Structure formats: C-alpha cells, structure tokens
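Have a look at start.cif; it's mmCIF, C-alpha atoms:
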```
data_query
#
loop_
_atom_site.label_atom_id
_atom_site.label_comp_id
_atom_site.auth_asym_id
_atom_site.auth_seq_id
_atom_site.Cartn_x
_atom_site.Cartn_y
_atom_site.Cartn_z
CA GLU C 980 22.95 -37.24 21.77
CA GLY C 981 24.01 -38.16 18.26
CA GLY C 982 21.85 -36.51 15.65
CA ARG C 983 18.73 -36.02 17.77
CA ARG C 984 17.03 -32.66 17.45
CA ILE C 985 16.25 -30.62 20.53
CA GLY C 986 13.09 -31.79 22.23
CA ASP C 987 12.93 -35.11 20.33
CA ASP C 988 12.43 -38.29 22.31
CA ASP C 989 12.09 -41.90 21.29
CA ASP C 990 8.42 -41.10 21.87
CA ASP C 991 7.66 -37.58 20.68
CA ASP C 992 4.12 -37.48 22.07
CA ALA C 993 3.86 -34.63 24.53
CA ASP C 994 1.52 -34.98 27.47
CA ASP C 995 2.01 -33.21 30.81
CA ASP C 996 4.39 -35.86 32.15
CA ASN C 997 6.78 -36.61 29.32
CA ASP C 998 6.66 -32.96 28.18
CA ASN C 999 8.43 -32.05 31.41
CA ASP C 1000 11.01 -34.78 30.83
CA GLN C 1001 11.43 -33.58 27.29
CA PHE C 1002 12.19 -30.08 28.50
CA SER C 1003 14.65 -31.14 31.17
CA SER C 1004 16.82 -32.87 28.57
CA SER C 1005 16.50 -30.21 25.86
CA SER C 1006 17.20 -27.29 28.19
CA GLN C 1007 20.75 -28.55 28.64
CA HIS C 1008 21.34 -28.65 24.89
CA PRO C 1009 23.92 -26.05 23.82
CA GLU C 1010 22.02 -25.27 20.60
CA ALA C 1011 18.77 -24.23 22.33
CA VAL C 1012 17.82 -20.67 21.32
CA VAL C 1013 14.17 -20.54 22.45
CA ILE C 1014 13.22 -22.38 25.65
CA LEU C 1015 9.78 -22.53 27.26
CA SER C 1016 9.64 -24.29 30.63
CA HIS C 1017 6.34 -25.32 32.31
CA LEU C 1018 4.65 -22.19 30.99
CA ARG C 1019 1.22 -21.41 32.41
CA LYS C 1020 -1.11 -18.49 31.74
CA VAL C 1021 -4.39 -18.05 33.60
CA TYR C 1022 -6.80 -15.22 32.82
CA PRO C 1023 -8.96 -14.33 35.86
CA PRO C 1024 -12.75 -13.99 35.54
CA PRO C 1025 -13.79 -10.70 33.90
CA LEU C 1026 -15.92 -9.81 36.96
CA PRO C 1027 -15.44 -10.79 40.64
CA HIS C 1028 -18.67 -12.79 40.83
CA CYS C 1029 -18.65 -14.10 37.27
CA THR C 1030 -19.72 -17.74 37.09
CA ARG C 1031 -17.59 -18.46 34.03
CA GLY C 1032 -14.42 -18.90 36.11
CA ALA C 1033 -10.76 -18.39 35.19
CA LYS C 1034 -9.53 -19.31 31.72
CA HIS C 1035 -6.43 -21.49 31.54
CA ALA C 1036 -4.82 -20.45 28.26
CA LEU C 1037 -1.55 -22.37 28.78
CA ARG C 1038 -1.12 -25.43 30.97
CA GLY C 1039 2.54 -26.32 31.51
CA LEU C 1040 3.79 -25.66 27.96
CA SER C 1041 7.42 -26.77 27.48
CA PHE C 1042 9.59 -27.10 24.39
CA ALA C 1043 12.90 -25.88 22.99
CA ILE C 1044 13.96 -24.74 19.53
CA PRO C 1045 17.51 -24.73 18.14
CA ARG C 1046 19.08 -22.48 15.55
CA SER C 1047 17.98 -23.04 11.92
CA GLU C 1048 14.73 -24.79 12.86
CA VAL C 1049 11.23 -23.83 11.70
CA PHE C 1050 8.72 -24.90 14.33
CA GLY C 1051 5.10 -25.14 13.19
CA PHE C 1052 2.56 -24.29 15.89
CA LEU C 1053 -0.84 -25.82 15.09
CA GLY C 1054 -4.04 -25.47 17.04
CA HIS C 1055 -7.65 -24.36 16.68
CA ASN C 1056 -8.76 -20.87 17.71
CA GLY C 1057 -8.39 -20.54 21.47
CA ALA C 1058 -5.84 -23.34 21.83
CA GLY C 1059 -3.21 -20.93 23.24
CA LYS C 1060 -0.93 -20.26 20.27
CA THR C 1061 -1.20 -16.47 20.22
CA THR C 1062 -0.93 -16.31 24.02
CA ALA C 1063 2.36 -18.22 23.81
CA LEU C 1064 3.68 -15.82 21.15
CA SER C 1065 2.60 -12.81 23.23
CA ILE C 1066 4.58 -14.16 26.17
CA LEU C 1067 7.61 -14.74 23.94
CA THR C 1068 7.53 -11.12 22.80
CA GLY C 1069 7.10 -9.82 26.36
CA GLU C 1070 3.63 -8.43 25.67
CA LEU C 1071 2.17 -10.76 28.32
CA ARG C 1072 3.68 -12.14 31.51
CA PRO C 1073 3.20 -15.83 32.30
CA THR C 1074 1.33 -16.81 35.44
CA SER C 1075 4.13 -19.27 36.15
CA GLY C 1076 6.98 -20.97 34.35
CA SER C 1077 9.82 -19.35 32.45
CA VAL C 1078 10.85 -18.27 28.94
CA ARG C 1079 14.40 -17.81 27.69
CA LEU C 1080 15.36 -16.33 24.33
CA LYS C 1081 19.12 -16.76 23.93
CA GLY C 1082 19.25 -16.83 27.72
CA LEU C 1083 17.18 -13.66 28.25
CA ASP C 1084 13.81 -13.37 29.98
CA PRO C 1085 11.35 -11.19 27.99
CA SER C 1086 9.69 -10.06 31.23
CA THR C 1087 12.87 -8.63 32.78
CA ASN C 1088 14.85 -7.72 29.62
CA PRO C 1089 12.22 -6.39 27.19
CA GLY C 1090 14.60 -4.03 25.37
CA ALA C 1091 17.26 -6.65 24.74
CA VAL C 1092 14.68 -9.25 23.69
CA ALA C 1093 13.06 -6.77 21.27
CA ARG C 1094 16.35 -6.62 19.35
CA LEU C 1095 16.48 -10.43 19.21
CA VAL C 1096 12.93 -11.02 17.98
CA GLY C 1097 11.20 -10.22 14.71
CA TYR C 1098 7.42 -10.47 15.13
CA CYS C 1099 4.82 -10.66 12.36
CA PRO C 1100 1.40 -10.47 14.08
CA GLN C 1101 -1.95 -11.49 12.63
CA ALA C 1102 -3.01 -7.84 12.26
CA ASP C 1103 -0.67 -5.93 9.92
CA PRO C 1104 1.29 -3.32 11.99
CA LEU C 1105 1.22 -0.78 9.15
CA LEU C 1106 0.32 2.89 8.77
CA GLY C 1107 -1.57 3.32 5.51
CA LEU C 1108 -0.08 6.70 4.58
CA MET C 1109 3.53 5.50 4.87
CA THR C 1110 5.41 3.84 2.02
CA ALA C 1111 7.16 0.49 2.41
CA THR C 1112 10.54 2.26 2.52
CA GLU C 1113 9.36 4.67 5.22
CA THR C 1114 7.83 1.84 7.23
CA LEU C 1115 11.01 -0.26 7.24
CA THR C 1116 13.15 2.81 7.91
CA MET C 1117 11.07 3.56 11.01
CA PHE C 1118 11.24 -0.02 12.31
CA GLY C 1119 14.94 -0.24 11.39
CA ARG C 1120 15.66 2.77 13.58
CA LEU C 1121 13.66 1.24 16.40
CA LYS C 1122 15.77 -1.93 16.03
CA GLY C 1123 18.95 0.14 16.34
CA ILE C 1124 20.37 -0.25 12.83
CA PRO C 1125 23.18 2.33 12.39
CA PRO C 1126 22.12 5.22 10.08
CA VAL C 1127 24.96 4.47 7.69
CA ASP C 1128 23.62 0.93 7.14
CA LEU C 1129 19.89 1.66 7.24
CA GLU C 1130 19.24 2.43 3.56
CA ALA C 1131 20.99 -0.73 2.37
CA ALA C 1132 19.20 -2.86 5.00
CA VAL C 1133 15.80 -1.52 3.92
CA ALA C 1134 16.52 -2.16 0.23
CA ALA C 1135 17.77 -5.69 0.91
CA THR C 1136 14.72 -6.54 3.03
CA LEU C 1137 12.30 -5.25 0.39
CA GLU C 1138 14.13 -7.31 -2.22
CA HIS C 1139 13.91 -10.38 0.01
CA VAL C 1140 10.10 -10.20 0.26
CA GLY C 1141 9.56 -9.12 -3.35
CA LEU C 1142 8.31 -5.57 -2.72
CA SER C 1143 11.06 -3.54 -4.37
CA VAL C 1144 8.76 -2.36 -7.16
CA PHE C 1145 6.26 -1.06 -4.57
CA ALA C 1146 8.87 0.51 -2.31
CA HIS C 1147 7.61 4.09 -2.74
CA GLN C 1148 3.87 3.43 -2.83
CA MET C 1149 1.74 4.07 0.27
CA CYS C 1150 1.11 0.70 1.88
CA GLY C 1151 -2.57 1.55 2.41
CA SER C 1152 -3.01 0.98 -1.33
CA TYR C 1153 -1.42 -2.50 -1.20
CA SER C 1154 -3.31 -5.73 -1.75
CA GLY C 1155 -3.84 -7.94 1.28
CA GLY C 1156 -1.01 -10.22 0.15
CA ASN C 1157 1.48 -7.35 -0.20
CA LYS C 1158 0.51 -6.03 3.23
CA ARG C 1159 1.40 -9.45 4.69
CA LYS C 1160 4.72 -9.36 2.82
CA LEU C 1161 5.49 -5.93 4.30
CA SER C 1162 4.53 -7.16 7.77
CA PHE C 1163 6.99 -10.02 7.29
CA ALA C 1164 9.61 -7.49 6.14
CA VAL C 1165 9.03 -5.56 9.39
CA ALA C 1166 9.85 -8.76 11.29
CA LEU C 1167 13.00 -9.29 9.17
CA ILE C 1168 14.47 -5.79 9.39
CA GLY C 1169 17.55 -5.68 11.58
CA GLY C 1170 18.37 -9.37 11.07
CA PRO C 1171 16.89 -10.76 14.33
CA PRO C 1172 17.96 -14.34 15.18
CA ILE C 1173 14.41 -15.30 16.24
CA LEU C 1174 11.28 -14.92 14.08
CA LEU C 1175 7.73 -15.27 15.40
CA LEU C 1176 5.25 -15.43 12.53
CA ASP C 1177 1.54 -15.48 13.38
CA GLU C 1178 -0.30 -16.82 10.29
CA PRO C 1179 2.07 -15.04 7.88
CA SER C 1180 0.30 -16.10 4.66
CA SER C 1181 -3.33 -15.61 5.72
CA GLY C 1182 -5.47 -13.98 3.05
CA MET C 1183 -2.96 -14.62 0.25
CA ASP C 1184 -3.71 -16.06 -3.16
CA PRO C 1185 -1.83 -19.27 -4.12
CA ILE C 1186 0.93 -17.49 -6.05
CA ALA C 1187 1.58 -14.91 -3.32
CA ARG C 1188 1.45 -17.66 -0.69
CA ARG C 1189 4.15 -19.62 -2.51
CA GLN C 1190 6.29 -16.49 -2.73
CA MET C 1191 5.86 -15.93 1.00
CA TRP C 1192 6.88 -19.53 1.73
CA ASP C 1193 10.01 -19.09 -0.37
CA ALA C 1194 10.85 -15.89 1.51
CA VAL C 1195 10.34 -17.57 4.89
CA SER C 1196 12.48 -20.57 3.84
CA ARG C 1197 15.35 -18.31 2.81
CA ALA C 1198 15.06 -16.28 6.01
CA ALA C 1199 15.05 -19.41 8.20
CA HIS C 1200 18.71 -20.22 7.54
CA GLY C 1201 20.61 -19.54 10.76
CA ARG C 1202 17.48 -18.43 12.62
CA SER C 1203 14.96 -19.98 15.00
CA VAL C 1204 11.47 -19.57 13.55
CA ILE C 1205 8.05 -20.22 15.10
CA ILE C 1206 5.05 -20.17 12.76
CA THR C 1207 1.44 -20.39 13.89
CA THR C 1208 -0.92 -21.38 11.10
CA HIS C 1209 -4.19 -23.10 10.26
CA SER C 1210 -2.75 -24.33 6.96
CA MET C 1211 -1.54 -27.93 7.05
CA GLN C 1212 0.03 -27.37 3.63
CA GLU C 1213 2.02 -24.43 5.00
CA CYS C 1214 3.28 -26.52 7.90
CA GLU C 1215 4.36 -29.35 5.64
CA ALA C 1216 6.09 -26.90 3.27
CA LEU C 1217 8.02 -24.99 5.94
CA ALA C 1218 8.23 -26.72 9.30
CA THR C 1219 11.02 -29.08 10.32
CA ARG C 1220 8.99 -29.91 13.45
CA VAL C 1221 5.33 -29.47 14.31
CA GLY C 1222 3.59 -29.14 17.66
CA ILE C 1223 -0.20 -29.52 17.91
CA MET C 1224 -1.82 -27.61 20.77
CA ALA C 1225 -5.16 -28.31 22.42
CA ALA C 1226 -6.46 -26.95 25.72
CA GLY C 1227 -3.23 -25.03 26.33
CA THR C 1228 -0.90 -28.02 26.11
CA LEU C 1229 1.22 -29.64 23.41
CA ARG C 1230 -0.58 -32.86 22.57
CA CYS C 1231 2.11 -34.10 20.19
CA ILE C 1232 5.39 -32.89 18.72
CA GLY C 1233 7.67 -34.17 15.97
CA SER C 1234 8.31 -34.00 12.25
CA CYS C 1235 5.30 -34.04 9.90
CA GLN C 1236 6.18 -37.55 8.78
CA HIS C 1237 6.54 -38.79 12.36
CA LEU C 1238 3.12 -37.41 13.32
CA LYS C 1239 1.46 -38.91 10.26
CA ASN C 1240 3.10 -42.29 10.88
CA ARG C 1241 2.15 -42.35 14.55
CA HIS C 1242 -1.22 -40.61 14.63
CA GLY C 1243 -2.43 -40.54 11.03
CA SER C 1244 -5.46 -42.37 9.70
CA GLY C 1245 -3.44 -45.05 7.92
CA PHE C 1246 -3.14 -45.33 4.14
CA TRP C 1247 -5.38 -45.14 1.10
CA VAL C 1248 -5.09 -47.40 -1.93
CA GLU C 1249 -7.00 -46.53 -5.09
CA THR C 1250 -7.28 -48.88 -8.05
CA ARG C 1251 -8.99 -48.84 -11.45
CA CYS C 1252 -9.95 -52.04 -13.22
CA ASP C 1253 -12.64 -53.45 -15.51
CA GLU C 1254 -16.04 -53.61 -13.79
CA GLY C 1255 -16.09 -57.39 -14.03
CA ARG C 1256 -12.83 -57.63 -12.06
CA THR C 1257 -13.81 -55.57 -9.00
CA VAL C 1258 -14.64 -58.57 -6.78
CA HIS C 1259 -11.33 -60.20 -7.69
CA VAL C 1260 -9.38 -56.97 -6.96
CA VAL C 1261 -11.14 -56.55 -3.60
CA ASP C 1262 -10.14 -60.10 -2.62
CA PHE C 1263 -6.54 -59.45 -3.69
CA ILE C 1264 -6.22 -56.15 -1.77
CA GLN C 1265 -7.83 -57.51 1.39
CA LYS C 1266 -5.56 -60.56 1.31
CA GLU C 1267 -2.34 -58.58 0.83
CA PHE C 1268 -3.30 -55.64 3.10
CA PRO C 1269 -4.92 -57.01 6.28
CA GLY C 1270 -7.69 -54.81 7.61
CA ALA C 1271 -8.33 -53.10 4.26
CA GLY C 1272 -11.90 -51.93 3.79
CA VAL C 1273 -13.67 -50.65 0.67
CA GLU C 1274 -14.52 -46.97 1.20
CA ASN C 1275 -15.75 -46.11 -2.30
CA GLU C 1276 -16.72 -48.11 -5.36
CA CYS C 1277 -17.85 -46.65 -8.66
CA GLY C 1278 -17.71 -48.72 -11.80
CA GLY C 1279 -14.18 -50.08 -11.93
CA PHE C 1280 -12.83 -47.53 -9.41
CA LEU C 1281 -12.10 -48.80 -5.89
CA ARG C 1282 -10.83 -46.87 -2.87
CA PHE C 1283 -9.55 -48.84 0.13
CA ALA C 1284 -8.81 -47.62 3.66
CA ILE C 1285 -5.85 -49.48 5.17
CA PRO C 1286 -5.14 -48.96 8.89
CA THR C 1287 -1.46 -49.90 8.69
CA LEU C 1288 1.14 -51.50 6.42
CA ASP C 1289 2.17 -54.06 9.01
CA ARG C 1290 3.92 -56.51 6.72
CA LEU C 1291 5.16 -54.04 4.11
CA THR C 1292 7.06 -50.81 3.78
CA LEU C 1293 5.53 -48.13 1.58
CA ALA C 1294 8.07 -49.00 -1.11
CA GLY C 1295 7.17 -52.67 -0.72
CA ALA C 1296 3.47 -51.88 -1.19
CA PHE C 1297 4.19 -50.05 -4.44
CA ARG C 1298 6.39 -52.92 -5.61
CA LEU C 1299 3.68 -55.47 -4.81
CA LEU C 1300 1.02 -53.62 -6.80
CA GLU C 1301 3.37 -52.95 -9.69
CA ASP C 1302 4.38 -56.62 -9.92
CA ARG C 1303 0.81 -57.96 -9.64
CA LYS C 1304 -1.26 -55.33 -11.50
CA ASP C 1305 -1.32 -57.18 -14.85
CA GLU C 1306 -2.08 -60.52 -13.21
CA GLU C 1307 -4.92 -59.01 -11.12
CA GLY C 1308 -6.35 -56.87 -13.95
CA ILE C 1309 -5.49 -53.50 -12.36
CA HIS C 1310 -5.06 -50.75 -14.96
CA ASP C 1311 -3.63 -48.15 -12.59
CA TYR C 1312 -3.29 -47.55 -8.85
CA SER C 1313 -2.14 -45.07 -6.22
CA ILE C 1314 -1.11 -45.23 -2.56
CA SER C 1315 -1.34 -42.23 -0.26
CA GLN C 1316 -0.79 -41.64 3.43
CA GLY C 1317 -3.20 -40.07 5.92
CA SER C 1318 -2.82 -36.29 5.99
CA LEU C 1319 -1.48 -33.98 8.68
CA GLU C 1320 -4.97 -32.48 8.76
CA SER C 1321 -6.40 -35.77 10.01
CA VAL C 1322 -3.84 -35.77 12.85
CA PHE C 1323 -4.74 -32.17 13.73
CA LEU C 1324 -8.48 -32.92 13.74
CA ARG C 1325 -7.97 -35.94 15.94
CA PHE C 1326 -6.40 -33.85 18.71
CA ALA C 1327 -8.57 -30.76 18.18
CA GLU C 1328 -11.76 -32.79 18.54
CA ASP C 1329 -10.52 -34.16 21.88
CA ASP C 1330 -10.09 -30.64 23.34
CA PRO C 1331 -12.58 -30.30 26.24
CA GLN C 1332 -12.35 -26.48 26.14
CA ARG C 1333 -13.30 -26.48 22.47
CA THR C 1334 -16.18 -28.84 23.15
CA ALA C 1335 -17.37 -26.73 26.11
CA ALA C 1336 -17.19 -23.56 24.02
CA ALA C 1337 -19.19 -25.21 21.23
CA ASP C 1338 -21.81 -26.36 23.77
CA GLU C 1339 -22.00 -22.85 25.24
CA ILE C 1340 -22.52 -21.33 21.79
CA ALA C 1341 -25.21 -23.91 21.03
CA GLU C 1342 -26.97 -23.14 24.34
CA ARG C 1343 -26.87 -19.39 23.62
CA SER C 1344 -28.27 -19.94 20.12
CA GLU C 1345 -31.05 -22.11 21.52
CA SER C 1346 -31.94 -19.55 24.19
CA ARG C 1347 -32.01 -16.76 21.59
CA SER C 1348 -34.33 -18.87 19.42
CA GLU C 1349 -36.66 -19.41 22.40
CA ILE C 1350 -36.74 -15.67 23.15
CA ILE C 1351 -37.52 -14.83 19.53
CA GLU C 1352 -40.26 -17.46 19.39
CA SER C 1353 -41.82 -16.16 22.63
CA ARG C 1354 -41.85 -12.61 21.25
CA LEU C 1355 -43.46 -13.79 18.04
#
```

As structure tokens - that is how I would like this structure written.
Amino acid sequence: EGGRRIGDDDDDDADDDNDNDQFSSSSQHPEAVVILSHLRKVYPPPLPHCTRGAKHALRGLSFAIPRSEVFGFLGHNGAGKTTALSILTGELRPTSGSVRLKGLDPSTNPGAVARLVGYCPQADPLLGLMTATETLTMFGRLKGIPPVDLEAAVAATLEHVGLSVFAHQMCGSYSGGNKRKLSFAVALIGGPPILLLDEPSSGMDPIARRQMWDAVSRAAHGRSVIITTHSMQECEALATRVGIMAAGTLRCIGSCQHLKNRHGSGFWVETRCDEGRTVHVVDFIQKEFPGAGVENECGGFLRFAIPTLDRLTLAGAFRLLEDRKDEEGIHDYSISQGSLESVFLRFAEDDPQRTAAADEIAERSESRSEIIESRL
C-alpha cells in the first residue's frame, strides 16, 4: 500500500493482538524475504518433577522483513532474541508457528536455507590455527562456491571487512575486534541474501566498531539483515526498523524516530544565562512549553524536562528560542529528544520474566548469606 514498509501499521506497537494482524497483512507482501508467523518456543522443565516449570522463550512472535532492510532486534538477556535467530538458522525447531526464508522452512529444508543465510554468532566460529584465507576458503566450499571463483570471493570478502593485511596470519593471534570482523566475513562469504548478526560489534573499540558498521551498511544493500545488539547507538546507526522484545514478544516495532516519538521520555531543553536571570528564564520556558519542569540548575545553567511539544514542531521550538534568546537573556541553548535507550528501558523494566529472574537471584543471594552467617 503506497510506500509503507512491510509490517508497518498506522500504529506500529506490537502486542499479541495487533502483531497477528500485522503479520497477516505483511505476509502477502511480494517483497517479504523473512517471515515469522506466530512463532512460539517452549523449553520443558529440566527434570520431570522440577518446580521451576516450562520456560516460554517466544510467545507468538510475528514480523516480516523485505529486501534491503536492516532490522534491529533489541532486548535484555533472556528476552528471546538468540532463540529466534537459532530457529531462523534451523538450529532449533519452534514449538509452534512457522518461519519462511524466501519461501523455505529451515526445519524441512536445512541445506537450502544454509545457502541463503549468513550467520555471525556471538561466539566466534573460528579455529585459532587457521588463517583468515583458510577459514573463508573452508566456509566458501561449504557454501558451494565453485572452485574457479573461490579465491576471488575470499579476497573480495577480506577486503570488504578490512582484513586483507592479516589474510595469512593465524586468526588465533587476532585482536578481539579482528576476530569479530572475520566472523562477519564468514557470514558474508558466498553472498547470502539473508544475514543474521548476533551482536556483531561486541568487544570492539570505537574505531573498529565504526569500521564494522560501515562494512555492515555496505553489505546490507540488496539483502535482508537482522541484527541483535545491546547498543542503542548501533541500532540507530544501522537499523531501518527496530523491534524491542520482552518476555518473548515484540513489544513495539518501527523506525528509531517513530519509537522515540511515541514512547520516548519527551524532550530536554538546556539554557545558559546570567545567574540573575534564571527565574525569568524559568518563567519563559514554562510558559512557552507547557508541562516543563526544572531538572537541574547550577549557576546560570538550567535543564528542563518537557513531556511533549504539543503546540510546536521541533523546528518551531528552535525558532522560538532563537528569536527570543536576546530578549530573555539566554546566552545559548540546546534541544534534544529522549533517547532510544529510554524506550528500551521502559519496555525491559515491564518484563515480568526479567523481574521474576531478578527476584529469584535476590532470594538465592539472601539464602546464601543466611547459610554463611549460620556457619560463622
């Protein structure tokens, strides 16, 4: 419908009900490459009479991804991200629901799906005594690259991730960042149309992380990419859409800007003025921005929390402050929006599984303390 992206609704929030509606419309979209429909995964209790009960890792997960989209998968540890990726690769079977990668089911067509998917797991799939060239040659053969094309494909992939100068060094001697680059190269070899990247830049320094982001951005053209990450900055740099998971479900889905507009913690306005003008500036800000509250005050510095810009656009707010700053005695100012991290924390803190796990850990710690005290 027009320019709408797969899975987008007028309301992008994804709870159990509208998530199903969202899937039913997106599954008919001709551009859908990756489709998850009502996906559920339940792990049984570890022992028959265990009181802990079954663990519901995924609860009706549904979304679709088109070609040339980078989908950012956010969620705290245990939210279900890695379980979803394991099902996409065919490593795990879902308890119910279905997965389609270019129309193929990973459970029934594992060989065909393996050629479609490039997977970069959290743990580097590397053998320390092999060089980067040997590693990619091995995985290239497994992907079915013709021998006549293999050498050129390996060289091009190493160039893409910036490891050409280390091509003939044993990867066991690599830094952590270069090991992640080689793991990403393993996912790229063979030119798969779908990339699954599980925290691809974890453990990298800022420069190496930026290089990895550039490599992922270049690789995303013409591919469907899913990235799981704990880095909000990484999501904002790479993802065209973001889904936030909690308790095995997608709690919200949409572009970073959409999520910040809808679920963010409002706006922040910071001003600097002469100390004798602070009361006047507070009156001015609170009059022009209803609901504004002073969060910090130090000398002539003021920081205001503003729940919403009801009467103004962001551009209009900047224009207002620029036009009135001399009249109100404001030397300089800034306006910023609530971060994606605040949206993530809002949904993560509402996760009952996370809360229950935290309570269980606290109870165990308390019981251990009691045992130690009794022994003392």

Self-check item: Separation of atom CA of C:Val1260 from atom CA of C:Glu1301, in Å and rounded to one decimal
Solution: 13.6 Å

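Note that the spacing between atom CA of C:Leu1281 and atom CA of C:Gly1243 amounts to 21.2 Å.
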
Quiz item: Smallest atom-to-atom distance to C:Gly1097: which of C:Pro1172, C:Gly1123, C:Gly1227, C:Gly1069, using only C-alpha atoms?
Solution: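 Looking only at the distances to C:Gly1097, the closest residue turns out to be C:Pro1172.
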
Quiz item: Which one is closest to C:Ala1271: C:Val1248, C:Leu1071, C:Leu1040, C:Val1144? Count all atoms listed in the file.
Solution: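 Distance minimum relative to C:Ala1271 lands on C:Val1248.
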
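By chain and then residue number, the residues within 9 Å of C:Ala1132 are Leu1115, Thr1116, Gly1119, Ile1124, Asp1128, Thr1136, Leu1137, Ile1168, Gly1169 and Gly1170 of chain C, counting all atoms listed in the file and disregarding those fewer than 4 positions away in sequence.
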
Self-check item: Two-atom distance - atom CA of C:Pro1089, atom CA of C:Pro1171 (Å)
Solution: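 Going from atom CA of C:Pro1089 over to atom CA of C:Pro1171, I get 14.4 Å.
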
Self-check item: Residues within 10 Å of C:Ser1152, all atoms listed in the file, excluding chain neighbours under 3 positions, as a list in words
Solution: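 Once the adjacent positions are removed, what remains is Gly1107, Leu1108, Thr1110, Gln1148, Met1149, Gly1155, Asn1157 and Lys1158 of chain C.
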
Quiz item: Pick from C:Thr1062, C:Ser1086, C:Thr1068, C:Asn1275: nearest to C:Ile1173, with only C-alpha atoms counted?
Solution: C:Thr1068

Exercise. Given the file shown, determine the residues that the PyMOL selection byres ((chain C and resi 1200-1216) around 8) selects; report them as an MDAnalysis selection string.
Key: chainID C and resid 1012:1013 1044:1055 1060:1061 1171:1179 1192 1196:1199 1217:1218 1221 1235 1319:1320

Taking C-alpha atoms for each residue, export the selection above as a PDB file, in the frame of the given file.
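The result, written out as again.pdb:
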```
ATOM      1  CA  VAL C1012      17.820 -20.670  21.320  1.00  0.00           C
ATOM      2  CA  VAL C1013      14.170 -20.540  22.450  1.00  0.00           C
ATOM      3  CA  ILE C1044      13.960 -24.740  19.530  1.00  0.00           C
ATOM      4  CA  PRO C1045      17.510 -24.730  18.140  1.00  0.00           C
ATOM      5  CA  ARG C1046      19.080 -22.480  15.550  1.00  0.00           C
ATOM      6  CA  SER C1047      17.980 -23.040  11.920  1.00  0.00           C
ATOM      7  CA  GLU C1048      14.730 -24.790  12.860  1.00  0.00           C
ATOM      8  CA  VAL C1049      11.230 -23.830  11.700  1.00  0.00           C
ATOM      9  CA  PHE C1050       8.720 -24.900  14.330  1.00  0.00           C
ATOM     10  CA  GLY C1051       5.100 -25.140  13.190  1.00  0.00           C
ATOM     11  CA  PHE C1052       2.560 -24.290  15.890  1.00  0.00           C
ATOM     12  CA  LEU C1053      -0.840 -25.820  15.090  1.00  0.00           C
ATOM     13  CA  GLY C1054      -4.040 -25.470  17.040  1.00  0.00           C
ATOM     14  CA  HIS C1055      -7.650 -24.360  16.680  1.00  0.00           C
ATOM     15  CA  LYS C1060      -0.930 -20.260  20.270  1.00  0.00           C
ATOM     16  CA  THR C1061      -1.200 -16.470  20.220  1.00  0.00           C
ATOM     17  CA  PRO C1171      16.890 -10.760  14.330  1.00  0.00           C
ATOM     18  CA  PRO C1172      17.960 -14.340  15.180  1.00  0.00           C
ATOM     19  CA  ILE C1173      14.410 -15.300  16.240  1.00  0.00           C
ATOM     20  CA  LEU C1174      11.280 -14.920  14.080  1.00  0.00           C
ATOM     21  CA  LEU C1175       7.730 -15.270  15.400  1.00  0.00           C
ATOM     22  CA  LEU C1176       5.250 -15.430  12.530  1.00  0.00           C
ATOM     23  CA  ASP C1177       1.540 -15.480  13.380  1.00  0.00           C
ATOM     24  CA  GLU C1178      -0.300 -16.820  10.290  1.00  0.00           C
ATOM     25  CA  PRO C1179       2.070 -15.040   7.880  1.00  0.00           C
ATOM     26  CA  TRP C1192       6.880 -19.530   1.730  1.00  0.00           C
ATOM     27  CA  SER C1196      12.480 -20.570   3.840  1.00  0.00           C
ATOM     28  CA  ARG C1197      15.350 -18.310   2.810  1.00  0.00           C
ATOM     29  CA  ALA C1198      15.060 -16.280   6.010  1.00  0.00           C
ATOM     30  CA  ALA C1199      15.050 -19.410   8.200  1.00  0.00           C
ATOM     31  CA  LEU C1217       8.020 -24.990   5.940  1.00  0.00           C
ATOM     32  CA  ALA C1218       8.230 -26.720   9.300  1.00  0.00           C
ATOM     33  CA  VAL C1221       5.330 -29.470  14.310  1.00  0.00           C
ATOM     34  CA  CYS C1235       5.300 -34.040   9.900  1.00  0.00           C
ATOM     35  CA  LEU C1319      -1.480 -33.980   8.680  1.00  0.00           C
ATOM     36  CA  GLU C1320      -4.970 -32.480   8.760  1.00  0.00           C
TER      37      GLU C1320
END
```

Exercise. Please evaluate the PyMOL selection byres ((chain C and resi 1315) around 6) against the structure above and give the resulting residues as number ranges by chain.
Key: C: 1246-1247, 1314, 1316

Quiz item: Mind telling me what the PyMOL selection byres ((chain C and resi 1099) around 6) catches here, as a list in words?
Solution: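 The output of the PyMOL selection byres ((chain C and resi 1099) around 6) on this file is Tyr1098, Pro1100, Ser1162, Phe1163, Ala1166, Leu1176 and Asp1177 of chain C.
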
Practice problem: Would you kindly return, as a VMD selection string, each protein, DNA or RNA residue with an atom no farther than 12 Å from any atom of C:Glu1249, considering all atoms listed in the file and excluding same-chain residues fewer than 3 positions away? | Solution: chain C and resid 1246 1252 1257 1260 to 1261 1264 1271 to 1277 1279 to 1285 1297 1300 1309 to 1316

Quiz item: Looking at C:Ser1321, C:Thr1112, C:Leu1015, C:Leu1229, which one is nearest to C:Glu1130, with distances taken over only C-alpha atoms?
Solution: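 For C:Glu1130, the nearest of the given residues is C:Thr1112.
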
Show me, as a compact mmCIF listing (two decimals) with C-alpha atoms, in the coordinates of the input, the residues that have an atom within 10 Å of C:Phe1326 when counting only C-alpha atoms, minus same-chain residues fewer than 6 positions from it.
```txt
# COMPACT_ATOMS: atom_id res chain seq x y z
CA GLY C 1054 -4.04 -25.47 17.04
CA HIS C 1055 -7.65 -24.36 16.68
CA ILE C 1223 -0.20 -29.52 17.91
CA MET C 1224 -1.82 -27.61 20.77
CA ALA C 1225 -5.16 -28.31 22.42
CA ALA C 1226 -6.46 -26.95 25.72
CA LEU C 1229 1.22 -29.64 23.41
CA ARG C 1230 -0.58 -32.86 22.57
CA CYS C 1231 2.11 -34.10 20.19
CA HIS C 1242 -1.22 -40.61 14.63
```
